[in-house]
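**Q** Sharing structure-v7.cif, mmCIF, C-alpha atoms and all ligand atoms:
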data_protein
#
loop_
_atom_site.label_atom_id
_atom_site.label_comp_id
_atom_site.auth_asym_id
_atom_site.auth_seq_id
_atom_site.Cartn_x
_atom_site.Cartn_y
_atom_site.Cartn_z
CA MET A 111 -67.09 17.46 58.26
CA VAL A 112 -68.49 19.40 55.29
CA ALA A 113 -72.22 18.89 54.60
CA LEU A 114 -72.81 17.54 51.10
CA PRO A 115 -75.80 18.26 48.87
CA GLU A 116 -78.65 15.83 49.48
CA THR A 117 -81.33 14.99 46.90
CA ALA A 118 -85.04 14.39 47.63
CA ASN A 119 -84.47 10.61 47.92
CA GLY A 120 -81.63 11.10 50.40
CA THR A 121 -78.68 10.43 48.06
CA VAL A 122 -75.60 12.54 48.75
CA THR A 123 -73.70 13.61 45.64
CA ASP A 124 -70.10 14.62 46.05
CA ARG A 125 -68.30 16.05 43.01
CA ALA A 126 -64.67 16.93 42.50
CA GLY A 127 -65.25 20.68 42.72
CA PRO A 128 -64.59 22.72 45.88
CA GLN A 129 -66.94 21.75 48.68
CA PRO A 130 -68.95 24.36 50.59
CA GLY A 131 -66.60 26.21 52.92
CA GLU A 132 -63.51 25.05 51.06
CA ARG A 133 -61.35 27.86 49.58
CA GLY A 134 -60.68 27.54 45.82
CA LEU A 135 -56.87 27.53 45.92
CA ARG A 136 -56.68 25.20 48.91
CA ALA A 137 -59.15 22.81 47.26
CA ARG A 138 -57.17 22.84 44.01
CA TRP A 139 -53.92 22.11 45.85
CA ARG A 140 -55.47 19.23 47.78
CA ARG A 141 -56.77 17.72 44.55
CA ALA A 142 -53.45 18.17 42.72
CA ARG A 143 -51.35 16.39 45.36
CA PHE A 144 -52.67 12.91 44.55
CA MET A 145 -50.72 12.59 41.30
CA ALA A 146 -47.09 12.91 40.34
CA PRO A 147 -45.83 13.23 36.72
CA ALA A 148 -44.73 9.56 36.93
CA ASP A 149 -48.38 8.55 37.30
CA ILE A 150 -48.92 9.16 33.58
CA GLY A 151 -46.86 5.98 33.13
CA LEU A 152 -49.48 4.13 35.17
CA PHE A 153 -52.22 4.98 32.68
CA LEU A 154 -50.01 3.97 29.73
CA ARG A 155 -49.17 0.67 31.40
CA SER A 156 -52.84 -0.04 32.17
CA ALA A 157 -53.78 0.69 28.55
CA LYS A 158 -51.14 -1.81 27.38
CA THR A 159 -52.53 -4.47 29.73
CA ASP A 160 -56.10 -3.80 28.63
CA GLY A 161 -55.13 -4.09 24.95
CA ALA A 162 -53.47 -7.46 25.60
CA ILE A 163 -56.47 -8.74 27.59
CA GLY A 164 -58.80 -7.72 24.76
CA ARG A 165 -56.74 -9.80 22.31
CA TRP A 166 -56.33 -12.81 24.62
CA ARG A 167 -60.01 -12.86 25.51
CA GLY A 168 -60.85 -13.56 21.83
CA GLU A 169 -58.14 -16.24 21.58
CA VAL A 170 -58.30 -18.13 24.89
CA GLY A 171 -61.43 -16.94 26.74
CA GLN A 172 -62.15 -14.70 29.71
CA ARG A 173 -60.49 -16.51 32.60
CA ALA A 174 -57.35 -17.50 30.67
CA ALA A 175 -56.98 -13.90 29.45
CA PHE A 176 -56.64 -12.68 33.05
CA GLU A 177 -54.39 -15.63 34.00
CA ASN A 178 -52.17 -14.58 31.06
CA ALA A 179 -52.19 -10.96 32.23
CA TYR A 180 -50.89 -11.92 35.68
CA GLY A 181 -48.47 -14.46 34.16
CA THR A 182 -47.06 -11.95 31.67
CA PHE A 183 -47.05 -8.67 33.57
CA GLY A 184 -46.94 -9.80 37.23
CA ASP A 185 -48.74 -6.69 38.42
CA PRO A 186 -50.80 -5.87 35.29
CA TRP A 187 -52.21 -2.52 36.53
CA ALA A 188 -49.24 -1.60 38.76
CA SER A 189 -51.55 -1.70 41.75
CA GLY A 190 -48.74 -2.56 44.16
CA SER A 191 -45.95 -0.57 42.55
CA ASP A 192 -44.18 2.07 44.66
CA ARG A 193 -43.42 3.95 41.47
CA TYR A 194 -46.91 5.37 41.13
CA ARG A 195 -48.60 7.42 43.81
CA TYR A 196 -52.09 7.44 42.32
CA GLN A 197 -53.23 3.85 42.98
CA GLY A 198 -52.47 3.92 46.71
CA TRP A 199 -54.12 7.32 47.03
CA LYS A 200 -57.20 6.03 45.23
CA TYR A 201 -57.51 2.89 47.38
CA ASP A 202 -57.37 5.04 50.51
CA ARG A 203 -60.01 7.45 49.17
CA VAL A 204 -62.29 4.54 48.16
CA VAL A 205 -62.11 3.09 51.69
CA ASP A 206 -62.88 6.60 53.02
CA CYS A 207 -66.24 6.38 51.20
CA LEU A 208 -67.43 3.64 53.59
CA PRO A 209 -69.90 4.81 56.24
CA PRO A 210 -67.78 6.64 58.84
CA GLY A 211 -67.13 4.67 62.03
CA ARG A 212 -68.92 1.54 60.87
CA ARG A 213 -67.16 -1.76 61.43
CA PHE A 214 -68.04 -4.74 59.25
CA SER A 215 -68.20 -8.42 60.20
CA ARG A 216 -67.42 -9.98 56.84
CA ALA A 217 -66.35 -8.10 53.72
CA LEU A 218 -66.01 -9.45 50.18
CA ASP A 219 -63.68 -7.79 47.65
CA LEU A 220 -64.93 -9.02 44.26
CA GLY A 221 -62.29 -8.90 41.51
CA CYS A 222 -59.63 -8.37 44.17
CA GLY A 223 -56.59 -8.60 41.91
CA LEU A 224 -53.44 -8.53 44.05
CA GLY A 225 -55.50 -7.69 47.14
CA LEU A 226 -54.29 -4.12 47.72
CA LEU A 227 -57.82 -2.97 48.52
CA SER A 228 -58.63 -6.18 50.44
CA THR A 229 -55.82 -5.52 52.92
CA ARG A 230 -56.96 -1.91 53.38
CA LEU A 231 -60.47 -3.22 54.12
CA ALA A 232 -58.93 -5.41 56.82
CA ALA A 233 -58.78 -2.34 59.07
CA ARG A 234 -62.58 -1.99 58.82
CA ALA A 235 -63.74 -5.63 58.95
CA ASP A 236 -63.36 -8.67 61.21
CA ALA A 237 -62.90 -10.88 58.14
CA VAL A 238 -62.17 -10.07 54.49
CA VAL A 239 -62.49 -12.44 51.55
CA GLY A 240 -60.93 -11.46 48.23
CA MET A 241 -62.19 -13.22 45.11
CA ASP A 242 -60.78 -13.05 41.60
CA ILE A 243 -61.30 -14.93 38.36
CA ALA A 244 -57.53 -15.44 38.03
CA GLN A 245 -55.96 -18.07 40.29
CA ALA A 246 -52.61 -16.35 39.64
CA ALA A 247 -53.98 -13.15 41.21
CA VAL A 248 -55.43 -15.06 44.17
CA ASP A 249 -52.10 -16.82 44.85
CA ARG A 250 -50.16 -13.56 44.76
CA ALA A 251 -52.73 -11.73 46.84
CA ALA A 252 -52.58 -14.47 49.49
CA ALA A 253 -48.78 -14.26 49.60
CA ARG A 254 -48.85 -10.46 49.92
CA ALA A 255 -51.47 -10.57 52.67
CA ALA A 256 -49.85 -13.39 54.70
CA ALA A 257 -49.46 -11.07 57.72
CA HIS A 258 -53.22 -10.40 57.80
CA ALA A 259 -54.71 -13.47 59.49
CA HIS A 260 -58.30 -12.38 58.87
CA VAL A 261 -57.86 -11.83 55.10
CA SER A 262 -58.31 -14.81 52.77
CA PHE A 263 -58.60 -15.25 49.02
CA ARG A 264 -60.37 -17.63 46.66
CA GLN A 265 -60.83 -18.02 42.95
CA GLY A 266 -64.29 -17.19 41.61
CA ASP A 267 -66.19 -15.51 38.80
CA VAL A 268 -68.57 -12.58 39.34
CA LEU A 269 -70.82 -14.19 36.73
CA ASP A 270 -70.95 -17.52 38.56
CA LEU A 271 -71.01 -16.72 42.27
CA PRO A 272 -71.49 -19.79 44.47
CA ARG A 273 -74.85 -19.94 46.26
CA ASP A 274 -73.16 -20.82 49.56
CA LEU A 275 -72.01 -17.18 49.75
CA ASP A 276 -75.56 -15.81 49.83
CA GLY A 277 -76.27 -13.59 52.84
CA GLN A 278 -72.71 -14.06 54.14
CA PHE A 279 -71.42 -10.48 53.92
CA ASP A 280 -72.28 -7.07 55.30
CA LEU A 281 -69.93 -5.37 52.82
CA VAL A 282 -69.26 -6.15 49.16
CA VAL A 283 -66.67 -4.00 47.37
CA ILE A 284 -66.23 -4.17 43.58
CA ALA A 285 -63.46 -1.96 42.22
CA ASP A 286 -62.50 -1.66 38.55
CA THR A 287 -63.75 -5.13 37.71
CA LEU A 288 -67.18 -5.05 36.08
CA TYR A 289 -66.07 -3.26 32.93
CA TYR A 290 -63.91 -6.33 32.28
CA LEU A 291 -66.95 -8.61 31.97
CA PRO A 292 -67.13 -10.29 28.57
CA PRO A 293 -68.67 -7.97 25.97
CA PRO A 294 -71.36 -7.04 25.17
CA ILE A 295 -71.95 -5.59 28.65
CA THR A 296 -75.70 -5.10 28.29
CA PRO A 297 -78.09 -3.48 30.79
CA ALA A 298 -79.62 -6.95 31.33
CA LEU A 299 -76.22 -8.44 32.21
CA LEU A 300 -75.47 -5.61 34.66
CA LYS A 301 -78.91 -5.83 36.27
CA GLY A 302 -78.34 -9.57 36.76
CA VAL A 303 -74.96 -8.90 38.40
CA ALA A 304 -76.49 -6.26 40.69
CA ALA A 305 -79.20 -8.71 41.78
CA ARG A 306 -76.67 -11.47 42.39
CA VAL A 307 -74.42 -9.15 44.43
CA ALA A 308 -77.48 -8.16 46.49
CA ASP A 309 -78.03 -11.88 47.24
CA LEU A 310 -74.59 -11.98 48.89
CA LEU A 311 -75.49 -9.27 51.40
CA ALA A 312 -77.05 -9.82 54.80
CA PRO A 313 -79.79 -7.40 55.93
CA GLY A 314 -78.24 -3.99 56.61
CA GLY A 315 -75.29 -4.74 54.32
CA VAL A 316 -73.75 -2.25 51.90
CA CYS A 317 -72.11 -2.40 48.50
CA LEU A 318 -69.28 -0.07 47.47
CA LEU A 319 -68.67 0.25 43.73
CA ALA A 320 -65.63 2.03 42.30
CA ASN A 321 -64.77 2.42 38.64
CA HIS A 322 -62.50 4.65 36.65
CA TYR A 323 -64.14 7.80 35.30
CA PHE A 324 -62.47 10.47 33.20
CA PHE A 325 -65.18 12.63 31.69
CA ALA A 326 -68.79 12.22 30.53
CA ALA A 327 -68.08 11.89 26.78
CA ASP A 328 -65.36 9.23 27.17
CA PRO A 329 -66.78 5.82 26.07
CA GLU A 330 -65.10 3.93 28.93
CA SER A 331 -66.41 6.44 31.47
CA ARG A 332 -69.87 6.00 29.97
CA LEU A 333 -69.58 2.27 30.61
CA SER A 334 -68.62 2.99 34.23
CA ARG A 335 -71.67 5.24 34.50
CA ARG A 336 -73.92 2.45 33.14
CA ILE A 337 -72.51 0.01 35.69
CA HIS A 338 -73.26 2.39 38.55
CA GLU A 339 -76.74 3.12 37.21
CA ALA A 340 -77.57 -0.61 36.98
CA PHE A 341 -76.88 -0.91 40.71
CA ALA A 342 -78.51 2.39 41.70
CA TRP A 343 -81.66 1.58 39.76
CA SER A 344 -81.89 -1.98 41.10
CA PRO A 345 -84.85 -2.45 43.45
CA ARG A 346 -82.39 -4.39 45.66
CA PHE A 347 -80.25 -1.30 46.34
CA HIS A 348 -80.65 2.28 47.48
CA LEU A 349 -77.92 4.72 46.41
CA VAL A 350 -76.73 6.48 49.55
CA ARG A 351 -73.79 8.42 48.22
CA GLU A 352 -72.00 9.04 44.95
CA SER A 353 -68.52 10.56 44.83
CA ARG A 354 -66.70 11.58 41.67
CA ARG A 355 -63.01 12.33 41.84
CA PRO A 356 -60.17 12.37 39.33
CA PHE A 357 -60.35 9.75 37.85
CA TYR A 358 -62.95 7.49 39.40
CA LEU A 359 -66.56 7.20 40.42
CA VAL A 360 -67.69 5.64 43.73
CA SER A 361 -71.21 4.62 44.72
CA LEU A 362 -72.23 3.53 48.20
CA LEU A 363 -75.43 1.48 48.12
CA ASP A 364 -77.61 0.13 50.92
CA HIS A 365 -79.01 -3.34 50.45
CA GLN A 366 -82.81 -3.30 50.28
CA PRO A 367 -84.29 -6.50 51.78
C1 LIG B 401 -58.15 -3.73 37.16
S1 LIG B 401 -58.10 -5.17 38.13
C2 LIG B 401 -58.73 -4.50 39.67
C3 LIG B 401 -58.24 -5.28 40.85
C4 LIG B 401 -58.66 -4.71 42.22
N1 LIG B 401 -60.08 -4.61 42.37
C5 LIG B 401 -58.02 -3.36 42.45
O1 LIG B 401 -58.75 -2.36 42.45
O2 LIG B 401 -56.80 -3.33 42.61
C6 LIG B 401 -59.51 -6.11 37.56
C7 LIG B 401 -59.57 -7.49 38.20
O3 LIG B 401 -60.83 -8.08 37.88
C8 LIG B 401 -60.62 -9.47 37.74
N2 LIG B 401 -61.77 -10.01 36.99
C9 LIG B 401 -62.08 -9.81 35.69
N3 LIG B 401 -63.21 -10.45 35.37
C10 LIG B 401 -63.65 -11.05 36.51
C11 LIG B 401 -64.76 -11.87 36.82
N4 LIG B 401 -65.67 -12.21 35.88
N5 LIG B 401 -64.89 -12.33 38.08
C12 LIG B 401 -63.97 -12.02 39.04
N6 LIG B 401 -62.88 -11.26 38.78
C13 LIG B 401 -62.73 -10.77 37.54
C14 LIG B 401 -59.29 -9.56 37.02
O4 LIG B 401 -58.66 -10.80 37.12
C15 LIG B 401 -58.51 -8.45 37.70
O5 LIG B 401 -57.79 -8.94 38.80
#
Take the structure I supplied and represent it as structure tokens, if you would.

**A**
Amino acid sequence: MVALPETANGTVTDRAGPQPGERGLRARWRRARFMAPADIGLFLRSAKTDGAIGRWRGEVGQRAAFENAYGTFGDPWASGSDRYRYQGWKYDRVVDCLPPGRRFSRALDLGCGLGLLSTRLAARADAVVGMDIAQAAVDRAAARAAAHAHVSFRQGDVLDLPRDLDGQFDLVVIADTLYYLPPPITPALLKGVAARVADLLAPGGVCLLANHYFFAADPESRLSRRIHEAFAWSPRFHLVRESRRPFYLVSLLDHQP
């Protein structure tokens, strides 16, 4: 395994560029393989969904906007579509960011959508719970994951997490969900979410955050960066590793008791 640069506080930062010991051409080829030309359609489709959610949110509220998205589009971000290679590749790479060799007792996938990531987590955890604000997503995720006896789903809101979940997990994963919180997404709101997510973790637990990231000047990527900073700067977390790849950012954070 290639050694990654480590900062004074022990955080490992892993960028998309060639890693030490990796030849330029080989590295470029490995990075290029994750996408096919058809994947451009994925980004167009996601933009259409996001535009509709933005409109519905103003008309019918946050939860109903996501229920509408699942009701109208079925798979609003094409997360389970065979047509696009990128999503599956990304889910696999996100799971690869978990501490190598560690097995988890109980994992929570917050904002699980159709449960594509939840079922991948099933290989690393004795039990996985997926939670989403949209009951329509939860129902479909449960149907898709029927063969995985230790994966279950429930409806719930990141902004109103039940207290009976506190301390129940040694892994919380949140992928591409927090930038959908109702605007304005202020630093205070994000700090509150980070603290509440920390409550869910048992001692020794970890949080894995993943959010889309294109480039530093892009407003949506800046929001992703603010989300990750709110967690990294929380006294309840220590940032262990940050990985940036096309087109996402992943942070692995240790829970601080
Ligand atoms: C882009 S999808 C990501 C789904 C999944 N994490 C994945 O990577 O495939 C965003 C999901 O966040 C859910 N969501 C939005 N706001 C939420 C909230 N406040 N609490 C829980 N889930 C929420 C949506 O219903 C949607 O399923």

**Q** So which one's closest to Ile284 of chain A, A:Phe341, A:Phe153, A:Tyr194, A:Tyr180? Using only C-alpha atoms, please.

**A**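 Closest candidate: A:Phe341.
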
**Q** Each residue of chain A with at least one atom at most 7 Å from ligand LIG 401 (chain B) should appear once, together with its nearest atom pair and the corresponding distance in Å (one decimal); atoms considered: all atoms listed in the file; ordering: chain, then increasing residue number; output as JSON lines.

**A**
{"residue": "A:Phe176", "atom": "CA", "partner": "B:LIG401", "partner_atom": "O4", "distance": 4.9}
{"residue": "A:Trp187", "atom": "CA", "partner": "B:LIG401", "partner_atom": "C1", "distance": 6.1}
{"residue": "A:Ser189", "atom": "CA", "partner": "B:LIG401", "partner_atom": "O2", "distance": 5.6}
{"residue": "A:Leu220", "atom": "CA", "partner": "B:LIG401", "partner_atom": "C12", "distance": 6.1}
{"residue": "A:Gly221", "atom": "CA", "partner": "B:LIG401", "partner_atom": "N6", "distance": 3.7}
{"residue": "A:Cys222", "atom": "CA", "partner": "B:LIG401", "partner_atom": "N1", "distance": 4.2}
{"residue": "A:Gly223", "atom": "CA", "partner": "B:LIG401", "partner_atom": "O5", "distance": 3.4}
{"residue": "A:Leu224", "atom": "CA", "partner": "B:LIG401", "partner_atom": "O2", "distance": 6.4}
{"residue": "A:Gly225", "atom": "CA", "partner": "B:LIG401", "partner_atom": "O2", "distance": 6.4}
{"residue": "A:Leu226", "atom": "CA", "partner": "B:LIG401", "partner_atom": "O2", "distance": 5.7}
{"residue": "A:Leu227", "atom": "CA", "partner": "B:LIG401", "partner_atom": "O2", "distance": 6.0}
{"residue": "A:Met241", "atom": "CA", "partner": "B:LIG401", "partner_atom": "C12", "distance": 6.4}
{"residue": "A:Asp242", "atom": "CA", "partner": "B:LIG401", "partner_atom": "N6", "distance": 3.9}
{"residue": "A:Ile243", "atom": "CA", "partner": "B:LIG401", "partner_atom": "C12", "distance": 4.0}
{"residue": "A:Ala244", "atom": "CA", "partner": "B:LIG401", "partner_atom": "O4", "distance": 4.9}
{"residue": "A:Ala247", "atom": "CA", "partner": "B:LIG401", "partner_atom": "O5", "distance": 6.2}
{"residue": "A:Gly266", "atom": "CA", "partner": "B:LIG401", "partner_atom": "C12", "distance": 5.8}
{"residue": "A:Asp267", "atom": "CA", "partner": "B:LIG401", "partner_atom": "N5", "distance": 3.5}
{"residue": "A:Val268", "atom": "CA", "partner": "B:LIG401", "partner_atom": "N5", "distance": 3.9}
{"residue": "A:Leu269", "atom": "CA", "partner": "B:LIG401", "partner_atom": "N4", "distance": 5.6}
{"residue": "A:Ile284", "atom": "CA", "partner": "B:LIG401", "partner_atom": "N1", "distance": 6.3}
{"residue": "A:Ala285", "atom": "CA", "partner": "B:LIG401", "partner_atom": "N1", "distance": 4.3}
{"residue": "A:Asp286", "atom": "CA", "partner": "B:LIG401", "partner_atom": "C2", "distance": 4.9}
{"residue": "A:Thr287", "atom": "CA", "partner": "B:LIG401", "partner_atom": "O3", "distance": 4.2}
{"residue": "A:Leu288", "atom": "CA", "partner": "B:LIG401", "partner_atom": "N3", "distance": 6.7}
{"residue": "A:Tyr290", "atom": "CA", "partner": "B:LIG401", "partner_atom": "N3", "distance": 5.2}
{"residue": "A:Leu291", "atom": "CA", "partner": "B:LIG401", "partner_atom": "N3", "distance": 5.4}

**Q** So the first atom is atom CA of Phe324 of chain A and the second is atom CA of Asp192 of chain A; what is the distance between them in Å, to one decimal place?

**A**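 Atom-to-atom, atom CA of Phe324 of chain A to atom CA of Asp192 of chain A, that is 23.2 Å.
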
**Q** Please determine an axis-aligned box that encloses all atoms of segment 205-224 of chain A listed in the file, with 8 Å added on each side, and express its centre and edge lengths in Å to one decimal as AutoDock Vina command-line options.

**A**
--center_x -61.7 --center_y -1.7 --center_z 51.8 --size_x 32.5 --size_y 32.6 --size_z 36.5

**Q** For segment 202-215 of chain A, list every protein, DNA or RNA residue within 9 Å, evaluated using only C-alpha atoms, and leave out those in the same chain fewer than 2 positions away; present the list as JSON, numbers by chain.

**A** {"A": [197, 198, 199, 200, 217, 227, 230, 231, 233, 234, 235, 236, 237, 238, 279, 280, 281, 285, 315, 316, 318, 319, 320, 351, 352, 353, 360, 361, 362]}

**Q** Which residue gives the smallest distance to Pro297 of chain A among A:Val261, A:Arg250, A:Cys317, A:Ser344, with only C-alpha atoms counted?

**A** A:Ser344

**Q** Have a look at A:Arg336, A:Thr296, A:Val283, A:Val303 and name the one nearest to Leu363 of chain A; count all atoms listed in the file.

**A**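 Selected residue with least distance to Leu363 of chain A: A:Val283.
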
**Q** Give me, as a list in words, all polymer residues having an atom no more than 9 Å from Thr159 of chain A, counting all atoms listed in the file and skipping those fewer than 3 positions away in the same chain.

**A** Leu154, Arg155, Ser156, Ala162, Ile163, Gly164, Ala179, Phe183, Pro186 and Trp187 of chain A

**Q** Could you save the residues just selected, with C-alpha atoms, as a PDB file, keeping the file's coordinate frame?

**A**
ATOM      1  CA  LEU A 154     -50.010   3.970  29.730  1.00  0.00           C
ATOM      2  CA  ARG A 155     -49.170   0.670  31.400  1.00  0.00           C
ATOM      3  CA  SER A 156     -52.840  -0.040  32.170  1.00  0.00           C
ATOM      4  CA  ALA A 162     -53.470  -7.460  25.600  1.00  0.00           C
ATOM      5  CA  ILE A 163     -56.470  -8.740  27.590  1.00  0.00           C
ATOM      6  CA  GLY A 164     -58.800  -7.720  24.760  1.00  0.00           C
ATOM      7  CA  ALA A 179     -52.190 -10.960  32.230  1.00  0.00           C
ATOM      8  CA  PHE A 183     -47.050  -8.670  33.570  1.00  0.00           C
ATOM      9  CA  PRO A 186     -50.800  -5.870  35.290  1.00  0.00           C
ATOM     10  CA  TRP A 187     -52.210  -2.520  36.530  1.00  0.00           C
TER      11      TRP A 187
END

**Q** Using all atoms listed in the file, which of A:His322, A:Gly314, A:Gly184, A:Pro293 sits nearest Ala251 of chain A?

**A**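 Looking at the shortest contact to Ala251 of chain A, the residue is A:Gly184.
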
**Q** So what do you get for atom CA of Thr123 of chain A versus atom CA of Pro313 of chain A, distance-wise?

**A**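 Separation between atom CA of Thr123 of chain A and atom CA of Pro313 of chain A: 24.2 Å.
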
**Q** Write out as a list in words the residues lying within 8 Å of Val239 of chain A, counting all atoms listed in the file and excluding same-chain residues fewer than 6 positions away.

**A**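 With the cut-off at 8 Å, the set is Arg216, Ala217, Leu218, Asp219, Ser228, Val261, Ser262, Phe263 and Arg264 of chain A.
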
**Q** So that I have them on file, write out the residues from the current selection with C-alpha atoms, as a PDB file, in the coordinates of the input.

**A**
ATOM      1  CA  ARG A 216     -67.420  -9.980  56.840  1.00  0.00           C
ATOM      2  CA  ALA A 217     -66.350  -8.100  53.720  1.00  0.00           C
ATOM      3  CA  LEU A 218     -66.010  -9.450  50.180  1.00  0.00           C
ATOM      4  CA  ASP A 219     -63.680  -7.790  47.650  1.00  0.00           C
ATOM      5  CA  SER A 228     -58.630  -6.180  50.440  1.00  0.00           C
ATOM      6  CA  VAL A 261     -57.860 -11.830  55.100  1.00  0.00           C
ATOM      7  CA  SER A 262     -58.310 -14.810  52.770  1.00  0.00           C
ATOM      8  CA  PHE A 263     -58.600 -15.250  49.020  1.00  0.00           C
ATOM      9  CA  ARG A 264     -60.370 -17.630  46.660  1.00  0.00           C
TER      10      ARG A 264
END

**Q** In Å, how far is it from atom CA of Tyr358 of chain A to atom CA of Trp166 of chain A?

**A** 26.0 Å

**Q** If we count all atoms listed in the file, what is near Leu300 of chain A at a cut-off of 7 Å, once residues fewer than 4 positions away on the same chain are taken out, given as a PyMOL selection string?

**A** chain A and resi 295-296+304+337+340

**Q** With the input short on atoms, add N, CA and C atoms back to segment 199-211 of chain A and write it as a compact mmCIF listing (two decimals), keeping the file's coordinate frame.

**A**
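Ended up saving to selection-v8.txt:
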# COMPACT_ATOMS: atom_id res chain seq x y z
N TRP A 199 -53.26 6.19 46.65
CA TRP A 199 -54.12 7.32 47.03
C TRP A 199 -55.59 6.97 46.77
N LYS A 200 -55.82 6.37 45.59
CA LYS A 200 -57.20 6.03 45.23
C LYS A 200 -57.78 4.96 46.16
N TYR A 201 -57.00 3.92 46.46
CA TYR A 201 -57.51 2.89 47.38
C TYR A 201 -57.91 3.51 48.71
N ASP A 202 -57.06 4.41 49.21
CA ASP A 202 -57.37 5.04 50.51
C ASP A 202 -58.65 5.86 50.42
N ARG A 203 -58.81 6.59 49.32
CA ARG A 203 -60.01 7.45 49.17
C ARG A 203 -61.28 6.58 49.01
N VAL A 204 -61.14 5.44 48.32
CA VAL A 204 -62.29 4.54 48.16
C VAL A 204 -62.73 4.01 49.52
N VAL A 205 -61.77 3.59 50.34
CA VAL A 205 -62.11 3.09 51.69
C VAL A 205 -62.75 4.21 52.52
N ASP A 206 -62.30 5.45 52.30
CA ASP A 206 -62.88 6.60 53.02
C ASP A 206 -64.37 6.78 52.70
N CYS A 207 -64.82 6.22 51.58
CA CYS A 207 -66.24 6.38 51.20
C CYS A 207 -67.16 5.43 51.98
N LEU A 208 -66.58 4.52 52.75
CA LEU A 208 -67.43 3.64 53.59
C LEU A 208 -68.09 4.48 54.68
N PRO A 209 -69.23 4.03 55.19
CA PRO A 209 -69.90 4.81 56.24
C PRO A 209 -68.95 5.05 57.40
N PRO A 210 -68.77 6.31 57.81
CA PRO A 210 -67.78 6.64 58.84
C PRO A 210 -68.06 5.88 60.14
N GLY A 211 -67.02 5.31 60.72
CA GLY A 211 -67.13 4.67 62.03
C GLY A 211 -67.75 3.29 62.02
